[in-house]
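Structure file target.txt (compact mmCIF, C-alpha atoms and all ligand atoms) follows.
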```txt
# COMPACT_ATOMS: atom_id res chain seq x y z
CA MET B 28 5.58 -34.04 8.17
CA ASN B 29 6.81 -33.23 11.67
CA LYS B 30 7.95 -29.73 12.55
CA ARG B 31 11.66 -30.61 12.66
CA ALA B 32 11.59 -32.22 9.27
CA PHE B 33 9.67 -29.28 7.89
CA LEU B 34 12.07 -26.69 9.23
CA LYS B 35 15.11 -28.58 7.94
CA HIS B 36 14.34 -27.78 4.33
CA SER B 37 11.89 -24.95 4.62
CA ALA B 38 13.32 -21.72 3.34
CA LEU B 39 11.74 -20.11 6.39
CA ALA B 40 13.98 -22.04 8.78
CA GLY B 41 16.07 -18.98 9.57
CA MET B 42 13.08 -16.71 9.94
CA GLY B 43 12.97 -14.68 13.10
CA SER B 44 16.72 -14.12 13.15
CA VAL B 45 15.93 -10.58 11.99
CA LEU B 46 18.03 -10.88 8.89
CA GLY B 47 21.15 -11.55 10.93
CA MET B 48 21.60 -7.81 11.30
CA ASP B 49 22.66 -7.69 14.89
CA SER B 50 24.13 -4.22 14.75
CA PHE B 51 21.01 -2.91 13.08
CA ALA B 52 18.90 -4.48 15.82
CA ALA B 53 21.21 -3.02 18.47
CA ALA B 54 20.76 0.47 17.01
CA PHE B 55 17.01 0.17 17.50
CA GLN B 56 17.51 -1.26 20.97
CA ARG B 57 19.42 1.89 21.91
CA VAL B 58 16.54 4.16 20.87
CA LYS B 59 13.72 2.04 22.21
CA ASN B 60 12.78 4.60 24.87
CA ILE B 61 12.81 7.57 22.52
CA GLU B 62 9.37 8.64 21.36
CA ALA B 63 8.69 7.89 17.70
CA ASP B 64 7.87 11.54 16.93
CA LEU B 65 11.19 12.65 18.36
CA LEU B 66 13.22 9.97 16.63
CA ALA B 67 11.48 10.84 13.35
CA ARG B 68 13.40 14.16 13.32
CA ASP B 69 16.81 12.61 13.88
CA ASP B 70 18.32 12.52 10.39
CA LYS B 71 21.55 11.13 11.83
CA PHE B 72 19.74 8.10 13.15
CA TRP B 73 17.91 7.51 9.87
CA GLN B 74 21.20 7.76 8.02
CA GLY B 75 21.83 4.23 9.34
CA ILE B 76 18.78 3.05 7.40
CA ARG B 77 19.72 5.12 4.37
CA ASN B 78 23.05 3.28 4.30
CA GLN B 79 21.14 0.04 3.70
CA TYR B 80 19.77 1.32 0.40
CA LEU B 81 21.81 1.38 -2.76
CA LEU B 82 20.77 4.80 -4.05
CA LYS B 83 21.30 6.02 -7.58
CA PRO B 84 23.42 9.17 -7.56
CA ASP B 85 21.60 10.51 -10.65
CA TYR B 86 18.63 12.08 -8.85
CA ILE B 87 16.77 12.58 -5.58
CA ASN B 88 14.10 9.89 -5.59
CA LEU B 89 10.78 11.35 -4.48
CA GLU B 90 8.79 8.73 -6.41
CA ASN B 91 8.85 5.84 -3.96
CA GLY B 92 5.09 5.36 -4.23
CA TYR B 93 5.16 3.21 -7.33
CA TYR B 94 7.69 0.72 -6.03
CA ASN B 95 9.46 1.01 -2.73
CA PHE B 96 12.60 -0.74 -3.91
CA ILE B 97 14.12 -2.95 -1.26
CA PRO B 98 17.08 -2.30 1.03
CA GLN B 99 20.23 -4.41 0.67
CA PRO B 100 19.62 -6.82 3.58
CA LEU B 101 16.23 -7.71 2.10
CA LEU B 102 17.71 -8.00 -1.37
CA GLU B 103 20.25 -10.48 0.02
CA LYS B 104 17.45 -12.50 1.63
CA TYR B 105 15.54 -12.48 -1.63
CA ILE B 106 18.55 -13.78 -3.55
CA GLU B 107 19.12 -16.41 -0.84
CA HIS B 108 15.54 -17.65 -1.29
CA ILE B 109 15.96 -17.78 -5.06
CA ARG B 110 19.12 -19.90 -4.62
CA HIS B 111 17.42 -22.14 -2.06
CA ILE B 112 14.39 -22.86 -4.21
CA ASN B 113 16.48 -23.23 -7.32
CA PHE B 114 18.64 -25.79 -5.53
CA HIS B 115 15.74 -27.84 -4.11
CA GLY B 116 13.62 -27.44 -7.24
CA SER B 117 10.50 -29.58 -7.41
CA TRP B 118 11.38 -31.11 -4.04
CA TYR B 119 10.85 -27.73 -2.46
CA MET B 120 7.74 -26.97 -4.49
CA ARG B 121 6.10 -30.33 -3.68
CA ASN B 122 6.94 -30.48 -0.01
CA TYR B 123 7.34 -26.98 1.31
CA SER B 124 5.92 -24.24 -0.89
CA VAL B 125 2.35 -24.55 0.39
CA LEU B 126 3.44 -24.82 4.02
CA ASP B 127 5.81 -21.89 3.69
CA LYS B 128 3.13 -19.74 2.10
CA ALA B 129 0.78 -20.57 4.98
CA SER B 130 3.52 -19.54 7.43
CA VAL B 131 3.89 -16.21 5.66
CA VAL B 132 0.13 -15.63 5.92
CA GLU B 133 0.32 -16.49 9.65
CA LYS B 134 3.09 -13.95 10.04
CA LEU B 135 1.35 -11.23 8.04
CA ALA B 136 -2.03 -11.60 9.78
CA PRO B 137 -1.08 -9.87 13.06
CA VAL B 138 0.71 -7.13 11.11
CA VAL B 139 -2.46 -6.22 9.23
CA GLY B 140 -4.75 -7.09 12.13
CA CYS B 141 -6.96 -9.92 10.94
CA ALA B 142 -7.30 -13.68 11.26
CA PRO B 143 -4.99 -15.75 9.01
CA SER B 144 -8.08 -17.54 7.70
CA GLU B 145 -9.31 -14.26 6.19
CA LEU B 146 -6.03 -13.39 4.51
CA ALA B 147 -4.18 -14.54 1.39
CA ILE B 148 -0.99 -13.65 -0.42
CA THR B 149 -1.56 -12.33 -3.94
CA ARG B 150 0.75 -10.67 -6.44
CA ASN B 151 -0.49 -7.12 -6.12
CA THR B 152 -3.45 -4.84 -5.41
CA THR B 153 -4.74 -5.22 -8.96
CA GLU B 154 -5.07 -8.97 -8.56
CA SER B 155 -6.58 -8.66 -5.08
CA LEU B 156 -9.24 -6.15 -6.05
CA ASP B 157 -10.02 -7.85 -9.37
CA ILE B 158 -10.67 -11.12 -7.53
CA VAL B 159 -13.48 -9.32 -5.73
CA ILE B 160 -14.71 -7.07 -8.54
CA ALA B 161 -14.78 -9.79 -11.19
CA GLY B 162 -15.68 -12.55 -8.73
CA LYS B 163 -18.87 -11.10 -7.27
CA HIS B 164 -22.17 -12.22 -8.66
CA TRP B 165 -23.52 -9.15 -10.47
CA THR B 166 -27.05 -8.62 -11.70
CA SER B 167 -28.04 -6.07 -14.32
CA GLY B 168 -29.00 -2.83 -12.59
CA ASP B 169 -26.72 -3.30 -9.56
CA GLU B 170 -24.85 -0.10 -8.67
CA ILE B 171 -21.25 0.53 -7.62
CA ILE B 172 -20.03 3.81 -6.15
CA MET B 173 -16.44 4.96 -6.59
CA ALA B 174 -14.49 8.20 -6.66
CA GLU B 175 -12.75 9.58 -9.72
CA GLN B 176 -9.58 9.60 -7.59
CA GLU B 177 -9.47 5.79 -7.55
CA TYR B 178 -6.63 4.08 -9.41
CA GLY B 179 -7.11 3.91 -13.18
CA THR B 180 -6.97 0.15 -13.71
CA ILE B 181 -9.29 -0.48 -10.77
CA ILE B 182 -11.81 1.96 -12.27
CA ALA B 183 -11.32 -0.01 -15.51
CA ALA B 184 -12.18 -3.25 -13.68
CA ILE B 185 -15.44 -1.71 -12.45
CA ARG B 186 -16.21 -0.49 -15.97
CA HIS B 187 -15.52 -4.00 -17.23
CA VAL B 188 -18.18 -5.60 -14.99
CA ALA B 189 -20.47 -2.70 -15.88
CA ASP B 190 -20.13 -3.55 -19.59
CA ARG B 191 -20.36 -7.26 -19.02
CA TYR B 192 -23.28 -7.47 -16.58
CA GLY B 193 -25.12 -4.19 -17.00
CA VAL B 194 -23.94 -2.83 -13.65
CA GLN B 195 -24.22 0.93 -13.18
CA HIS B 196 -21.31 2.84 -11.72
CA LYS B 197 -21.61 6.17 -10.04
CA MET B 198 -18.59 8.45 -9.92
CA ILE B 199 -18.17 10.91 -7.07
CA SER B 200 -15.24 13.26 -6.43
CA VAL B 201 -13.46 13.42 -3.08
CA PRO B 202 -12.37 16.98 -2.17
CA ASN B 203 -8.61 17.37 -1.81
CA LEU B 204 -8.98 19.32 1.43
CA PRO B 205 -12.11 18.12 3.25
CA ALA B 206 -13.33 19.99 6.32
CA SER B 207 -14.35 16.84 8.21
CA ASP B 208 -14.85 13.08 8.01
CA GLU B 209 -18.57 13.71 7.77
CA GLU B 210 -18.09 15.63 4.54
CA ILE B 211 -16.57 12.48 3.01
CA VAL B 212 -19.08 10.07 4.53
CA ASP B 213 -21.95 12.27 3.30
CA LEU B 214 -20.61 12.18 -0.26
CA TYR B 215 -20.82 8.40 -0.30
CA ARG B 216 -24.13 8.32 1.60
CA LYS B 217 -25.81 10.64 -0.89
CA ALA B 218 -24.77 8.40 -3.80
CA ILE B 219 -26.38 5.27 -2.30
CA THR B 220 -29.68 4.04 -3.75
CA PRO B 221 -31.64 0.82 -3.04
CA LYS B 222 -29.68 -0.75 -5.94
CA THR B 223 -26.21 0.03 -4.56
CA LYS B 224 -24.23 -3.14 -3.86
CA LEU B 225 -20.65 -1.96 -3.44
CA ILE B 226 -18.49 1.04 -2.60
CA LEU B 227 -14.91 1.01 -3.89
CA ILE B 228 -12.78 3.37 -1.79
CA SER B 229 -9.08 4.01 -1.35
CA HIS B 230 -7.63 3.89 2.15
CA ILE B 231 -5.10 6.45 1.00
CA ILE B 232 -5.66 8.21 -2.32
CA ASN B 233 -2.60 7.44 -4.41
CA ILE B 234 -2.39 10.76 -6.26
CA THR B 235 -2.74 13.06 -3.23
CA GLY B 236 -1.89 10.95 -0.17
CA GLN B 237 -5.19 11.79 1.52
CA ILE B 238 -6.17 9.13 4.09
CA LEU B 239 -9.93 8.51 4.08
CA PRO B 240 -12.17 7.73 7.09
CA ILE B 241 -12.71 4.10 6.11
CA ARG B 242 -14.33 2.96 9.36
CA LYS B 243 -16.96 5.69 9.17
CA VAL B 244 -17.71 5.00 5.51
CA CYS B 245 -18.01 1.25 6.22
CA ASP B 246 -20.31 1.74 9.20
CA MET B 247 -22.53 4.06 7.16
CA ALA B 248 -22.55 1.76 4.10
CA HIS B 249 -23.43 -1.31 6.14
CA GLN B 250 -26.53 0.45 7.48
CA PHE B 251 -27.76 0.40 3.88
CA GLY B 252 -26.61 -3.18 3.26
CA VAL B 253 -23.80 -1.95 0.97
CA GLU B 254 -20.45 -3.76 0.97
CA VAL B 255 -17.13 -1.90 0.99
CA LEU B 256 -14.05 -2.86 -1.01
CA VAL B 257 -10.97 -0.97 0.17
CA ASP B 258 -8.02 -0.23 -2.10
CA GLY B 259 -5.17 -0.19 0.39
CA ALA B 260 -2.37 -0.24 -2.19
CA HIS B 261 -0.39 2.38 -0.26
CA ALA B 262 -1.43 1.62 3.31
CA ILE B 263 0.23 -1.58 4.53
CA GLY B 264 3.67 -0.82 5.94
CA HIS B 265 3.02 2.93 5.63
CA PHE B 266 0.82 3.76 8.62
CA LYS B 267 -0.57 1.63 11.43
CA PHE B 268 -4.11 0.28 11.53
CA LYS B 269 -5.94 -2.94 12.22
CA MET B 270 -8.05 -4.50 9.49
CA THR B 271 -10.72 -5.52 11.99
CA ASP B 272 -11.00 -1.88 13.17
CA LEU B 273 -11.91 -0.80 9.63
CA ASN B 274 -15.01 -3.01 9.51
CA CYS B 275 -14.61 -3.40 5.74
CA ASP B 276 -15.67 -6.41 3.69
CA TYR B 277 -12.69 -6.68 1.36
CA TYR B 278 -9.21 -5.11 1.39
CA GLY B 279 -6.41 -5.39 -1.14
CA SER B 280 -2.85 -4.10 -0.93
CA SER B 281 0.52 -4.28 -2.67
CA LEU B 282 3.32 -5.31 -0.34
CA HIS B 283 6.00 -4.19 -2.82
CA LYS B 284 5.03 -0.63 -2.02
CA TRP B 285 5.41 0.36 1.63
CA LEU B 286 6.28 -2.99 3.17
CA SER B 287 9.34 -3.14 0.88
CA ALA B 288 8.70 -6.71 -0.23
CA PRO B 289 9.94 -7.65 -3.73
CA LEU B 290 7.92 -6.77 -6.82
CA GLY B 291 4.92 -9.02 -7.23
CA SER B 292 3.84 -9.17 -3.56
CA GLY B 293 0.31 -8.40 -2.49
CA MET B 294 -2.44 -9.41 -0.10
CA LEU B 295 -6.19 -9.81 -0.01
CA TYR B 296 -8.46 -9.73 3.02
CA VAL B 297 -12.02 -11.01 2.74
CA SER B 298 -14.24 -11.12 5.81
CA LYS B 299 -15.35 -14.66 6.54
CA GLU B 300 -19.03 -14.04 5.89
CA LYS B 301 -18.35 -12.56 2.43
CA MET B 302 -16.05 -15.35 1.22
CA PRO B 303 -18.76 -17.67 -0.16
CA GLY B 304 -20.07 -14.81 -2.33
CA ILE B 305 -16.92 -14.64 -4.46
CA TRP B 306 -16.38 -16.82 -7.55
CA PRO B 307 -12.69 -17.59 -8.19
CA LEU B 308 -10.95 -15.80 -11.03
CA ILE B 309 -8.28 -18.50 -11.39
CA ILE B 310 -9.53 -21.97 -10.67
CA GLY B 311 -7.59 -24.22 -8.30
CA GLY B 312 -10.36 -26.68 -7.54
CA ASP B 313 -10.73 -25.94 -3.83
CA LYS B 314 -14.44 -25.98 -3.07
CA ASP B 315 -14.51 -24.95 0.59
CA PRO B 316 -16.48 -21.66 0.58
CA PHE B 317 -14.70 -20.47 3.72
CA LYS B 318 -11.15 -20.99 2.48
CA MET B 319 -9.19 -18.13 0.95
CA GLN B 320 -7.32 -20.70 -1.19
CA ARG B 321 -10.51 -21.26 -3.21
CA ILE B 322 -10.43 -17.69 -4.54
CA THR B 323 -6.70 -16.94 -4.53
CA HIS B 324 -5.19 -19.87 -6.41
CA MET B 325 -2.51 -18.61 -8.82
CA GLY B 326 -0.81 -21.72 -10.18
CA THR B 327 2.97 -22.06 -10.06
CA HIS B 328 4.52 -18.71 -9.25
CA PRO B 329 7.77 -17.25 -7.86
CA ALA B 330 7.64 -18.80 -4.38
CA TYR B 331 10.80 -16.91 -3.33
CA THR B 332 8.91 -13.64 -3.60
CA THR B 333 6.38 -14.91 -1.07
CA LEU B 334 9.20 -16.03 1.24
CA THR B 335 10.78 -12.59 1.20
CA ILE B 336 7.53 -11.08 2.47
CA ALA B 337 8.39 -12.76 5.80
CA ASP B 338 11.77 -11.00 5.82
CA ALA B 339 10.16 -7.69 4.89
CA ILE B 340 7.89 -8.11 7.92
CA ASP B 341 10.97 -8.71 10.11
CA TYR B 342 12.54 -5.57 8.73
CA TYR B 343 9.37 -3.58 9.28
CA GLN B 344 8.99 -4.86 12.85
CA LEU B 345 12.58 -4.06 13.60
CA ILE B 346 12.18 -0.48 12.46
CA GLY B 347 8.84 -0.40 14.28
CA PRO B 348 5.55 0.49 12.59
CA GLU B 349 5.10 3.56 14.81
CA ARG B 350 8.60 4.81 14.12
CA LYS B 351 8.23 4.30 10.39
CA GLU B 352 4.88 6.08 10.28
CA ALA B 353 6.22 8.96 12.36
CA ARG B 354 9.29 9.33 10.14
CA LEU B 355 7.22 9.35 6.94
CA ARG B 356 4.73 11.86 8.32
CA TYR B 357 7.57 14.06 9.61
CA LEU B 358 9.25 14.12 6.18
CA GLN B 359 5.99 15.07 4.46
CA GLN B 360 5.19 17.79 6.96
CA TYR B 361 8.78 19.05 6.84
CA TRP B 362 8.44 20.13 3.23
CA THR B 363 4.68 20.82 3.00
CA SER B 364 4.76 23.18 6.00
CA LYS B 365 7.42 25.29 4.27
CA VAL B 366 5.55 25.74 1.00
CA ARG B 367 1.83 25.37 1.81
CA LYS B 368 1.14 29.07 2.24
CA LEU B 369 3.29 30.36 -0.60
CA PRO B 370 1.54 32.31 -3.36
CA ASN B 371 0.78 30.20 -6.46
CA ILE B 372 1.39 26.94 -4.61
CA LEU B 373 -1.43 24.39 -4.70
CA LEU B 374 -1.04 21.91 -1.85
CA ASN B 375 -3.44 19.10 -2.73
CA THR B 376 -3.01 17.13 0.51
CA PRO B 377 -4.72 17.89 3.85
CA GLU B 378 -2.64 19.48 6.61
CA ASP B 379 -4.33 17.45 9.38
CA PRO B 380 -1.85 14.71 10.42
CA ALA B 381 -4.72 12.22 10.68
CA ARG B 382 -5.50 12.72 6.99
CA SER B 383 -2.07 12.14 5.50
CA CYS B 384 1.26 10.45 6.08
CA GLY B 385 4.28 10.21 3.75
CA ILE B 386 2.67 11.07 0.40
CA ALA B 387 1.62 14.58 -0.65
CA ASN B 388 0.90 16.42 -3.87
CA VAL B 389 1.93 19.90 -4.86
CA GLY B 390 1.21 21.99 -7.92
CA ILE B 391 2.09 25.46 -9.12
CA LYS B 392 -0.58 27.62 -10.70
CA GLY B 393 0.07 27.97 -14.43
CA ILE B 394 2.58 25.13 -14.71
CA PRO B 395 1.16 21.87 -16.11
CA PRO B 396 2.12 19.06 -13.69
CA ARG B 397 4.05 17.14 -16.34
CA ASP B 398 6.10 20.24 -17.08
CA LEU B 399 6.66 20.70 -13.37
CA ALA B 400 7.92 17.11 -13.06
CA THR B 401 10.19 17.62 -16.07
CA ARG B 402 11.58 20.86 -14.69
CA LEU B 403 12.13 19.32 -11.25
CA MET B 404 14.15 16.59 -12.90
CA ASP B 405 16.02 18.71 -15.46
CA GLU B 406 16.82 21.68 -13.27
CA TYR B 407 16.99 20.12 -9.78
CA LYS B 408 17.53 16.39 -10.33
CA ILE B 409 14.36 15.53 -8.42
CA PHE B 410 12.32 12.53 -9.60
CA THR B 411 8.54 12.90 -9.10
CA VAL B 412 5.42 12.18 -11.12
CA GLY B 413 3.02 14.77 -12.56
CA ILE B 414 -0.74 14.26 -12.13
CA ASP B 415 -3.33 16.27 -14.04
CA GLY B 416 -6.84 14.88 -13.67
CA ALA B 417 -9.51 13.85 -11.17
CA ASN B 418 -9.38 17.37 -9.68
CA VAL B 419 -5.68 17.00 -8.89
CA PHE B 420 -3.16 19.34 -10.47
CA GLY B 421 0.36 18.77 -9.26
CA CYS B 422 3.28 16.42 -8.69
CA ARG B 423 3.07 13.53 -6.28
CA ILE B 424 5.95 13.71 -3.84
CA THR B 425 6.78 10.41 -2.17
CA PRO B 426 9.84 10.25 0.07
CA ASN B 427 10.83 7.07 1.85
CA ILE B 428 12.35 6.65 5.31
CA TYR B 429 15.83 7.00 3.83
CA THR B 430 15.05 10.47 2.43
CA THR B 431 16.95 13.27 4.17
CA THR B 432 15.72 16.74 5.04
CA ALA B 433 18.65 18.05 2.98
CA GLU B 434 17.07 16.40 -0.08
CA LEU B 435 13.71 17.90 0.79
CA ASP B 436 15.39 21.31 1.12
CA VAL B 437 16.27 21.02 -2.57
CA LEU B 438 12.58 20.46 -3.34
CA ILE B 439 11.53 23.36 -1.13
CA GLY B 440 14.04 25.66 -2.82
CA ALA B 441 12.83 24.55 -6.26
CA LEU B 442 9.17 25.13 -5.41
CA LYS B 443 9.93 28.55 -3.91
CA LYS B 444 11.81 29.63 -6.98
CA MET B 445 9.36 28.27 -9.53
CA SER B 446 6.26 29.60 -7.78
CA ALA B 447 7.64 33.09 -7.25
C1 LIG N 501 -4.45 3.18 -5.26
C2 LIG N 501 -3.80 2.12 -6.11
N1 LIG N 501 -4.49 1.03 -6.41
C3 LIG N 501 -3.97 0.04 -7.14
C4 LIG N 501 -2.70 0.13 -7.63
C5 LIG N 501 -2.14 -1.00 -8.44
O1 LIG N 501 -1.09 -1.57 -7.74
P1 LIG N 501 -0.33 -2.82 -8.37
O2 LIG N 501 0.16 -2.38 -9.70
O3 LIG N 501 0.73 -3.10 -7.38
O4 LIG N 501 -1.33 -3.89 -8.50
C6 LIG N 501 -1.92 1.26 -7.35
C7 LIG N 501 -0.55 1.39 -7.87
O5 LIG N 501 0.14 2.34 -7.68
C8 LIG N 501 -2.50 2.28 -6.57
O6 LIG N 501 -1.81 3.39 -6.28
```

Could I get this structure in the form of structure tokens?
Amino acid sequence: MNKRAFLKHSALAGMGSVLGMDSFAAAFQRVKNIEADLLARDDKFWQGIRNQYLLKPDYINLENGYYNFIPQPLLEKYIEHIRHINFHGSWYMRNYSVLDKASVVEKLAPVVGCAPSELAITRNTTESLDIVIAGKHWTSGDEIIMAEQEYGTIIAAIRHVADRYGVQHKMISVPNLPASDEEIVDLYRKAITPKTKLILISHIINITGQILPIRKVCDMAHQFGVEVLVDGAHAIGHFKFKMTDLNCDYYGSSLHKWLSAPLGSGMLYVSKEKMPGIWPLIIGGDKDPFKMQRITHMGTHPAYTTLTIADAIDYYQLIGPERKEARLRYLQQYWTSKVRKLPNILLNTPEDPARSCGIANVGIKGIPPRDLATRLMDEYKIFTVGIDGANVFGCRITPNIYTTTAELDVLIGALKKMSA
């Protein structure tokens, strides 16, 4: 098919028009010379973005970590794609769905900083990481290292291969407030034995928001011939980095979290040399060991979700990755700096800006985290999630770029009152 014919019916034909939001684009044009850190503090400017979200009046949403629901322009695009594919039906699926998906991968690759040939669209982090965990060839006695702060179902996946193949798993615990990168790297180094095959590590720990020194852990692990699988569920679209700079072997993420793609959007990176070592979880028949399609086949699926990832990338680029990261870090530091030193407050997230971004976790001595979450909701109309386990005692607080400092002031007031 020639390019013109392809674009005529491809749902991506209008891609690059930045969602047709000319005024939105103009607003960013006007601030293009303002430093990201400075713009991050300008609530008035971010009000423009807030206006694009349909927010429930019932509560202040500080639980955006689970699902970063999508702003209205992206929702419209999503619905447009559903209509388009529903109209063209099998014609679209036969002629365009594969090509469109490849275009989305091409578009995502520079955003995450890897080659398109090492990247695939999946439905979520769970699927991405399970493809690697369940797809590797395990031998009885192999060892896997992970931290107790990893996500529950991913720990369950490791336990599954442990039960099935006789793999040993070693659990370490990452300190909430480490003194240095070396402290973290040492933890993993000390757990390695000649039988260690894999380290599972979060890029950003979901319950505390701590960002881990992935590059250093990968460099250390590779010296021992150990592969590294990174759980980046909360990283893509949250803070800037390049996959190739991490030097990891495998990386999975959910794009319905910080990239604001629709539910059921994820990605998997596998370095070229590791691809042949993975058996597919869902069989599509592709036999080329160096093709991501061989290991990421998923059968017929909601193609419109994949298409909207391209729009979410447009939206992200328009805001600007640096500006988004700066805004999220500013919001976190705005509230944490006002409560960190208060008596009875347990701030479970590092203060160092390099070790955290938008997510943080706070507890109050003597108040079980679930009770704290309930009281925040009942007494202050603040929606959070309580976490009590894996050495973390507190509520995860996850603003999004639309969150205002006035909303965070309500949280600060609540924490001050409850901890006093
Ligand atoms: C660290 C981490 N890993 C994996 C997941 C699973 O993500 P999903 O349900 O999108 O697959 C989550 C979800 O919050 C998470 O926080």

**Q.** Residue nearest Glu300 (chain B) among B:Lys318, B:His283, B:Arg382, B:Lys408 (counting all atoms listed in the file)
**A.**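 That would be B:Lys318, the residue with the smallest distance to Glu300 (chain B).
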
Q. Within 12 Å of Arg121 (chain B), counting all atoms listed in the file, which residues qualify if same-chain residues fewer than 3 places away don't, as a list of chain:residue names?
A.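 So, after excluding close chain neighbours, the residues are B:His36, B:Ser37, B:Ile112, B:His115, B:Gly116, B:Ser117, B:Trp118, B:Ser124, B:Val125, B:Leu126, B:Asp127, B:Thr327, B:Ala330.
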
Store the residues of this selection in a file with C-alpha atoms, as an mmCIF file, in the coordinates of the input.
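Everything below was put into selection_23.cif:
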```cif
data_model
loop_
_atom_site.group_PDB
_atom_site.id
_atom_site.type_symbol
_atom_site.label_atom_id
_atom_site.label_comp_id
_atom_site.auth_asym_id
_atom_site.auth_seq_id
_atom_site.Cartn_x
_atom_site.Cartn_y
_atom_site.Cartn_z
ATOM 1 C CA HIS B 36 14.340 -27.780 4.330
ATOM 2 C CA SER B 37 11.890 -24.950 4.620
ATOM 3 C CA ILE B 112 14.390 -22.860 -4.210
ATOM 4 C CA HIS B 115 15.740 -27.840 -4.110
ATOM 5 C CA GLY B 116 13.620 -27.440 -7.240
ATOM 6 C CA SER B 117 10.500 -29.580 -7.410
ATOM 7 C CA TRP B 118 11.380 -31.110 -4.040
ATOM 8 C CA SER B 124 5.920 -24.240 -0.890
ATOM 9 C CA VAL B 125 2.350 -24.550 0.390
ATOM 10 C CA LEU B 126 3.440 -24.820 4.020
ATOM 11 C CA ASP B 127 5.810 -21.890 3.690
ATOM 12 C CA THR B 327 2.970 -22.060 -10.060
ATOM 13 C CA ALA B 330 7.640 -18.800 -4.380
#
```

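Distance annotation: of B:Asp213, B:Glu349, B:Asp276, B:Asp258, the residue with the minimal separation from ligand LIG 501 (chain N) is B:Asp258; atom set is all atoms listed in the file.
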
Q) Got a sec to check which residues lie within 8 Å of ligand LIG 501 (chain N), using all atoms listed in the file, and send them as a PyMOL selection string? A) chain B and resi 92-94+150-155+177-181+229+231-234+258-261+280-284+291-293

Skip Arg402 (chain B) itself and residues of its chain fewer than 3 positions away, then list as a short mmCIF file (atom, residue, chain, number, x, y, z; two decimals) with C-alpha atoms, keeping the file's coordinate frame all residues within 12 Å of it, counting only C-alpha atoms.
```cif
data_model
loop_
_atom_site.label_atom_id
_atom_site.label_comp_id
_atom_site.auth_asym_id
_atom_site.auth_seq_id
_atom_site.Cartn_x
_atom_site.Cartn_y
_atom_site.Cartn_z
CA ILE B 391 2.09 25.46 -9.12
CA ILE B 394 2.58 25.13 -14.71
CA PRO B 395 1.16 21.87 -16.11
CA PRO B 396 2.12 19.06 -13.69
CA ARG B 397 4.05 17.14 -16.34
CA ASP B 398 6.10 20.24 -17.08
CA LEU B 399 6.66 20.70 -13.37
CA ASP B 405 16.02 18.71 -15.46
CA GLU B 406 16.82 21.68 -13.27
CA TYR B 407 16.99 20.12 -9.78
CA LYS B 408 17.53 16.39 -10.33
CA ILE B 409 14.36 15.53 -8.42
CA PHE B 410 12.32 12.53 -9.60
CA THR B 411 8.54 12.90 -9.10
CA VAL B 412 5.42 12.18 -11.12
CA GLY B 413 3.02 14.77 -12.56
CA CYS B 422 3.28 16.42 -8.69
CA LEU B 438 12.58 20.46 -3.34
CA ALA B 441 12.83 24.55 -6.26
CA LEU B 442 9.17 25.13 -5.41
CA LYS B 444 11.81 29.63 -6.98
CA MET B 445 9.36 28.27 -9.53
#
```

Q.
Can you tell me which residues surround Gly304 (chain B) at a distance of at most 9 Å, considering all atoms listed in the file, apart from same-chain residues fewer than 4 positions away, and format the answer as JSON, numbers by chain?
A. {"B": [162, 163, 164, 300, 316]}

Q) In file coordinates, which residues lie within 10 Å of (-25.1, -0.5, -1.5) using all atoms listed in the file, given as a PyMOL selection string? A) chain B and resi 169-172+215-216+218-226+248-255

Q: Mind giving me the straight-line distance from CA of Ile211 (chain B) to CA of Gly168 (chain B) in Å, one decimal?
A: 25.1 Å

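Closest to Ile87 (chain B) among B:Val437, B:Phe268, B:Ala288, B:Ser446 is B:Val437, based on all atoms listed in the file.
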
Q) Nearest to Pro202 (chain B) among B:Ala174, B:Gln79, B:Val58, B:Gly312, with distances taken over all atoms listed in the file: which residue is it? A)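 Answer, going by the shortest atom-to-atom distance: B:Ala174.
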
Since the input lacks atoms, please generate N, CA and C atoms for region 113-119 of chain B and provide them as a compact mmCIF listing (two decimals), in the frame of the given file.
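Saved the output as part-v9.txt:
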```
# COMPACT_ATOMS: atom_id res chain seq x y z
N ASN B 113 15.89 -22.72 -6.09
CA ASN B 113 16.48 -23.23 -7.32
C ASN B 113 17.27 -24.51 -7.06
N PHE B 114 17.87 -24.60 -5.89
CA PHE B 114 18.64 -25.79 -5.53
C PHE B 114 17.71 -26.98 -5.26
N HIS B 115 16.64 -26.73 -4.48
CA HIS B 115 15.74 -27.84 -4.11
C HIS B 115 14.69 -28.14 -5.19
N GLY B 116 14.50 -27.21 -6.09
CA GLY B 116 13.62 -27.44 -7.24
C GLY B 116 12.25 -27.98 -6.88
N SER B 117 11.84 -29.01 -7.61
CA SER B 117 10.50 -29.58 -7.41
C SER B 117 10.33 -30.13 -5.99
N TRP B 118 11.44 -30.59 -5.41
CA TRP B 118 11.38 -31.11 -4.04
C TRP B 118 10.83 -30.03 -3.09
N TYR B 119 11.36 -28.83 -3.27
CA TYR B 119 10.85 -27.73 -2.46
C TYR B 119 9.38 -27.46 -2.80
```
